[in-house]
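A.B. asks: Sharing model-v3.txt below, compact mmCIF, C-alpha atoms:
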# COMPACT_ATOMS: atom_id res chain seq x y z
CA GLN A 1 0.00 0.00 0.00
CA LEU A 2 1.51 3.29 -1.08
CA GLN A 3 1.97 5.91 1.60
CA LEU A 4 2.99 9.55 1.32
CA GLN A 5 4.18 11.57 4.30
CA GLU A 6 4.88 15.29 4.32
CA SER A 7 7.47 16.78 6.66
CA GLY A 8 8.88 20.22 7.33
CA PRO A 9 8.57 23.29 9.53
CA GLY A 10 5.08 24.18 10.64
CA LEU A 11 5.97 27.85 11.01
CA VAL A 12 7.73 30.06 8.48
CA LYS A 13 8.41 33.77 8.75
CA SER A 14 7.04 36.15 6.17
CA SER A 15 9.38 36.79 3.22
CA GLU A 16 11.34 33.61 3.93
CA THR A 17 11.33 30.25 2.15
CA LEU A 18 8.98 27.37 2.83
CA SER A 19 10.52 23.91 2.36
CA LEU A 20 8.66 20.61 2.58
CA THR A 21 9.60 17.02 1.84
CA CYS A 22 7.34 14.13 0.86
CA SER A 23 8.55 10.63 1.71
CA VAL A 24 7.14 7.87 -0.47
CA SER A 25 6.86 4.33 0.89
CA GLY A 26 5.32 1.18 -0.53
CA GLY A 27 6.30 2.04 -4.08
CA SER A 28 9.11 3.50 -6.16
CA MET A 29 9.25 6.97 -7.68
CA ASN A 30 11.32 5.55 -10.55
CA THR A 31 8.41 4.62 -12.75
CA TYR A 32 6.97 5.87 -15.99
CA ASN A 33 3.45 5.40 -14.69
CA TYR A 34 3.39 8.22 -12.16
CA HIS A 35 4.05 11.87 -11.58
CA TRP A 36 4.45 13.50 -8.19
CA GLY A 37 2.84 16.73 -7.05
CA TRP A 38 1.90 19.24 -4.38
CA ILE A 39 -1.53 20.69 -3.60
CA ARG A 40 -2.43 23.15 -0.85
CA GLN A 41 -5.54 24.20 1.01
CA PRO A 42 -5.75 27.48 2.95
CA PRO A 43 -7.76 27.23 6.18
CA GLY A 44 -11.45 27.04 5.39
CA LYS A 45 -10.88 27.22 1.64
CA GLY A 46 -10.64 24.93 -1.35
CA LEU A 47 -7.85 22.94 -2.96
CA GLU A 48 -5.20 24.62 -5.07
CA TRP A 49 -2.82 22.69 -7.29
CA ILE A 50 0.77 23.95 -7.01
CA VAL A 51 3.14 21.84 -9.11
CA THR A 52 3.67 18.38 -10.60
CA MET A 53 6.82 16.65 -11.75
CA TYR A 54 7.96 13.48 -13.46
CA TYR A 55 11.02 11.91 -11.80
CA ARG A 56 13.04 12.46 -14.96
CA GLY A 57 12.42 16.16 -14.79
CA THR A 58 9.35 17.27 -16.75
CA THR A 59 7.55 19.77 -14.54
CA TYR A 60 4.18 21.52 -14.68
CA TYR A 61 3.55 24.67 -12.63
CA ASN A 62 0.53 26.64 -11.52
CA PRO A 63 1.22 29.92 -13.38
CA SER A 64 0.21 31.97 -10.35
CA LEU A 65 2.97 30.37 -8.27
CA GLU A 66 5.56 29.41 -10.87
CA SER A 67 7.98 32.24 -10.16
CA ARG A 68 8.29 31.20 -6.50
CA VAL A 69 8.09 27.39 -6.72
CA THR A 70 10.74 24.71 -7.09
CA ILE A 71 10.14 20.97 -7.00
CA SER A 72 12.85 18.35 -6.93
CA ALA A 73 13.17 14.61 -6.43
CA ASP A 74 15.72 12.33 -4.83
CA THR A 75 14.94 8.87 -6.17
CA SER A 76 17.70 7.30 -4.06
CA THR A 77 15.71 8.14 -0.94
CA ASN A 78 12.27 8.02 -2.61
CA GLN A 79 11.53 11.59 -1.62
CA PHE A 80 10.49 14.75 -3.41
CA SER A 81 10.53 18.30 -2.15
CA LEU A 82 8.78 21.63 -2.53
CA THR A 83 10.26 25.06 -1.95
CA LEU A 84 8.21 28.23 -2.05
CA THR A 85 10.09 31.51 -1.76
CA SER A 86 9.07 34.92 -0.46
CA VAL A 87 6.09 33.61 1.49
CA THR A 88 3.31 35.78 2.83
CA ALA A 89 0.29 35.15 5.04
CA ALA A 90 -1.59 34.08 1.90
CA ASP A 91 0.67 31.01 1.72
CA THR A 92 -0.62 29.72 5.07
CA ALA A 93 -2.23 26.40 4.22
CA VAL A 94 -2.27 22.67 4.64
CA TYR A 95 0.17 21.33 2.07
CA TYR A 96 -0.47 17.89 0.58
CA CYS A 97 1.85 15.78 -1.52
CA ALA A 98 0.28 13.41 -3.99
CA ARG A 99 0.91 10.73 -6.58
CA GLN A 100 -0.54 11.42 -9.99
CA ARG A 101 -1.07 9.10 -12.93
CA THR A 102 1.00 9.83 -16.01
CA GLY A 103 -1.19 11.10 -18.84
CA SER A 104 -4.30 12.17 -16.99
CA LEU A 105 -2.37 13.57 -14.01
CA ARG A 106 -5.24 12.38 -11.87
CA ILE A 107 -4.42 12.11 -8.17
CA ASP A 108 -4.68 8.57 -6.85
CA TYR A 109 -2.90 8.89 -3.52
CA TRP A 110 -2.69 11.79 -1.07
CA GLY A 111 -0.43 12.42 1.88
CA GLN A 112 -2.07 13.28 5.18
CA GLY A 113 -1.12 16.94 4.80
CA THR A 114 0.92 19.31 6.92
CA LEU A 115 -0.11 22.76 8.11
CA VAL A 116 2.33 25.55 7.39
CA THR A 117 1.65 28.90 9.02
CA VAL A 118 3.37 32.04 7.80
CA SER A 119 3.99 34.48 10.61
CA SER A 120 4.87 38.12 10.46
CA GLN B 1 -11.80 31.92 -8.20
CA SER B 2 -11.73 28.22 -9.05
CA ALA B 3 -11.44 27.02 -12.61
CA LEU B 4 -14.36 24.61 -12.20
CA THR B 5 -17.73 25.71 -10.82
CA GLN B 6 -19.52 23.74 -8.13
CA PRO B 7 -22.53 24.67 -6.01
CA ALA B 8 -21.51 25.81 -2.56
CA SER B 9 -23.86 23.43 -0.81
CA VAL B 10 -26.23 20.54 -1.41
CA SER B 11 -28.39 18.83 1.18
CA GLY B 12 -30.61 15.80 1.41
CA SER B 13 -32.32 13.50 3.85
CA PRO B 14 -31.04 10.04 4.71
CA GLY B 15 -31.90 7.59 1.95
CA GLN B 16 -32.35 10.24 -0.70
CA SER B 17 -30.16 10.82 -3.74
CA ILE B 18 -28.28 14.03 -4.40
CA THR B 19 -26.26 15.24 -7.35
CA ILE B 20 -23.33 17.67 -7.34
CA SER B 21 -22.42 19.42 -10.56
CA CYS B 22 -19.01 20.54 -11.76
CA THR B 23 -18.97 22.89 -14.72
CA GLY B 24 -15.91 23.69 -16.77
CA THR B 25 -15.08 24.33 -20.41
CA ASN B 26 -14.06 22.51 -23.57
CA ASN B 27 -10.48 22.89 -22.35
CA ASP B 28 -10.98 20.79 -19.24
CA VAL B 29 -14.13 18.88 -18.27
CA GLY B 30 -15.59 18.89 -21.77
CA GLY B 31 -12.40 17.97 -23.55
CA TYR B 32 -11.19 14.96 -21.59
CA GLN B 33 -12.47 11.87 -19.78
CA TYR B 34 -10.30 12.80 -16.81
CA VAL B 35 -12.65 14.11 -14.15
CA SER B 36 -12.12 13.03 -10.55
CA TRP B 37 -14.17 13.55 -7.41
CA PHE B 38 -12.77 13.75 -3.88
CA GLN B 39 -14.47 13.55 -0.51
CA GLN B 40 -12.96 15.46 2.38
CA HIS B 41 -14.03 15.24 6.00
CA PRO B 42 -12.92 18.03 8.36
CA GLY B 43 -9.26 17.80 9.26
CA LYS B 44 -8.66 14.90 6.88
CA ALA B 45 -6.94 14.50 3.54
CA PRO B 46 -9.13 14.23 0.44
CA LYS B 47 -10.20 10.74 -0.61
CA VAL B 48 -10.68 9.65 -4.22
CA MET B 49 -14.31 8.68 -4.82
CA ILE B 50 -14.48 8.73 -8.63
CA TYR B 51 -11.84 8.97 -11.36
CA ASP B 52 -11.95 9.09 -15.16
CA VAL B 53 -15.52 10.48 -14.97
CA ARG B 54 -17.24 7.32 -13.73
CA GLU B 55 -14.70 4.82 -12.37
CA ARG B 56 -14.80 3.88 -8.68
CA PRO B 57 -11.63 2.91 -6.80
CA SER B 58 -11.69 -0.34 -4.93
CA GLY B 59 -13.40 0.08 -1.59
CA VAL B 60 -15.60 3.03 -2.55
CA SER B 61 -19.31 2.39 -2.11
CA SER B 62 -21.38 1.80 -5.23
CA ARG B 63 -23.70 4.50 -3.89
CA PHE B 64 -21.28 6.95 -5.47
CA SER B 65 -21.46 7.37 -9.24
CA GLY B 66 -20.10 9.82 -11.77
CA SER B 67 -21.17 11.04 -15.17
CA LYS B 68 -20.50 13.79 -17.66
CA SER B 69 -22.46 15.70 -20.27
CA GLY B 70 -20.70 18.31 -22.33
CA ASN B 71 -18.76 20.64 -20.05
CA THR B 72 -20.51 19.51 -16.86
CA ALA B 73 -19.57 16.53 -14.75
CA SER B 74 -21.77 15.20 -11.96
CA LEU B 75 -21.38 13.16 -8.81
CA THR B 76 -24.47 11.36 -7.56
CA ILE B 77 -24.73 9.94 -4.07
CA SER B 78 -27.57 7.46 -3.73
CA GLY B 79 -29.06 6.28 -0.44
CA LEU B 80 -27.57 9.24 1.40
CA GLN B 81 -26.06 8.36 4.77
CA ALA B 82 -24.87 10.46 7.70
CA GLU B 83 -21.25 9.51 6.95
CA ASP B 84 -21.56 11.13 3.51
CA GLU B 85 -21.68 14.57 5.11
CA ALA B 86 -18.44 16.15 3.91
CA GLU B 87 -16.92 18.54 1.39
CA TYR B 88 -16.68 17.27 -2.18
CA TYR B 89 -14.27 18.56 -4.81
CA CYS B 90 -14.10 17.88 -8.53
CA SER B 91 -10.90 18.01 -10.53
CA SER B 92 -10.07 17.72 -14.20
CA TYR B 93 -7.14 17.53 -16.53
CA ALA B 94 -6.91 20.74 -18.53
CA SER B 95 -5.10 21.91 -21.62
CA GLY B 96 -3.10 25.09 -21.44
CA SER B 97 -0.87 26.39 -18.70
CA SER B 98 -2.46 24.59 -15.73
CA PRO B 99 -3.01 20.87 -16.42
CA VAL B 100 -4.70 20.26 -13.07
CA VAL B 101 -7.77 22.27 -12.05
CA PHE B 102 -10.13 21.98 -9.10
CA GLY B 103 -13.65 23.06 -8.34
CA GLY B 104 -14.33 25.28 -5.36
CA GLY B 105 -15.94 22.49 -3.36
CA THR B 106 -19.48 21.56 -2.34
CA LYS B 107 -20.58 21.07 1.25
CA VAL B 108 -22.96 18.12 1.49
CA THR B 109 -25.28 18.19 4.47
CA VAL B 110 -27.37 15.22 5.55
CA LEU B 111 -30.51 16.61 7.11
For this file, produce the structure as structure tokens.
C.D. replies:
Amino acid sequence: QLQLQESGPGLVKSSETLSLTCSVSGGSMNTYNYHWGWIRQPPGKGLEWIVTMYYRGTTYYNPSLESRVTISADTSTNQFSLTLTSVTAADTAVYYCARQRTGSLRIDYWGQGTLVTVSS
Amino acid sequence: QSALTQPASVSGSPGQSITISCTGTNNDVGGYQYVSWFQQHPGKAPKVMIYDVRERPSGVSSRFSGSKSGNTASLTISGLQAEDEAEYYCSSYASGSSPVVFGGGTKVTVL
């Protein structure tokens, strides 16, 4: 059974960089069949897709966040990471990592999510 | 503003059927058979209920069904139960700059 687990600081200061890691267990990232992505959800609001990558490097970005987002993967440790620069209070959200099917990019597995609060 | 439009809320009595709509464009819902539906209970991660318009993952109740007509996808919950009270989100593959789009969510209330 695939499992995804987010980790990282729960509190980030405004204007600094948010960094999160997703650890994948029960399956390998080194597969053509899947992409790996991040989605966030501000408190009390809906889901917002952030970014998706294929382990060999093809990446898709939400245009509204592209200038501040980096995603990377370490297949030796079966982890992938998100960095978001110059954060503001609007970036306060629960951040989810997810596995997505190649082609449709549909999400088939979600992490449990981690709350990141941006403080001033 | 979400790319896909969902009603803010839908309610029904136990045992009834309800339908949630998800309206997009020819560039997303209408153009592909890649609509998914997620159920989210408070404080929990979303759960896949429907994928590829009408497919149910293993373990999801057959009371949940999906369909699509033109640019509008729908999720129907039959035999509504108290445990179905949750937020529901649709998602679709999309052409253009953002290949993944979500609806704004629909709060389902069991009366």
A.B. asks: For Thr17 of chain A, please output as a compact mmCIF listing (two decimals) with C-alpha atoms, in the coordinates of the input all residues within 8 Å (counting all atoms listed in the file; exclusion window: fewer than 4 positions along the same chain).
C.D. replies:
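Below is the file that was written, out_17.txt:
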# COMPACT_ATOMS: atom_id res chain seq x y z
CA VAL A 12 7.73 30.06 8.48
CA THR A 83 10.26 25.06 -1.95
CA LEU A 84 8.21 28.23 -2.05
CA THR A 85 10.09 31.51 -1.76
CA SER A 86 9.07 34.92 -0.46
CA VAL A 87 6.09 33.61 1.49
A.B. asks: Near chain A, meaning an atom within 12 Å, which residues of chain B appear when counting all atoms listed in the file? Write them as an NGL selection string.
C.D. replies: :B and (1-6 or 8 or 28-29 or 31-40 or 42-53 or 56-58 or 87-107)
A.B. asks: Please, what distance in Å, to one decimal, runs between atom CA of Asn33 of chain A and atom CA of Ala73 of chain B?
C.D. replies: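 Computing it gives 25.6 Å between the two atoms.
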A.B. asks: When distances are computed from only C-alpha atoms, which of A:Thr117, A:Ser81, A:Gln100, A:Ser19 shows the smallest separation from Tyr32 of chain A?
C.D. replies: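 Of all the options, A:Gln100 lies closest to Tyr32 of chain A.
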A.B. asks: With distances taken over only C-alpha atoms, which residue among A:Ser14, A:Ser72, A:Arg40, A:Phe80 lies nearest Ala93 of chain A?
C.D. replies: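 Selected residue with least distance to Ala93 of chain A: A:Arg40.
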A.B. asks: Compute the distance from (-21.9, 21.8, 4.5) to each atom, counting all atoms listed in the file, keep the residues with any atom at most 8 Å away, and return them as a list in words; use the coordinates of the file.
C.D. replies: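 Neighbouring residues, ordered by chain and number, come to Ser9, Val10, Ser11, Glu85, Ala86, Glu87, Thr106, Lys107, Val108 and Thr109 of chain B.
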A.B. asks: Using atom CA of His41 of chain B and atom CA of Ser61 of chain B as the two end points, give the distance in Å to one decimal.
C.D. replies: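 Answer for the atom CA of His41 of chain B to atom CA of Ser61 of chain B separation: 16.1 Å.
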A.B. asks: Just how far from atom CA of Gln41 of chain A is atom CA of Glu16 of chain A, in Å to one decimal?
C.D. replies: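 The value is 19.5 Å.
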A.B. asks: Can you pull out every residue within 8 Å of Gly26 of chain A, counting all atoms listed in the file, but drop anything in the same chain fewer than 2 positions away, and send it as an MDAnalysis selection string?
C.D. replies: chainID A and resid 1:3 24 28
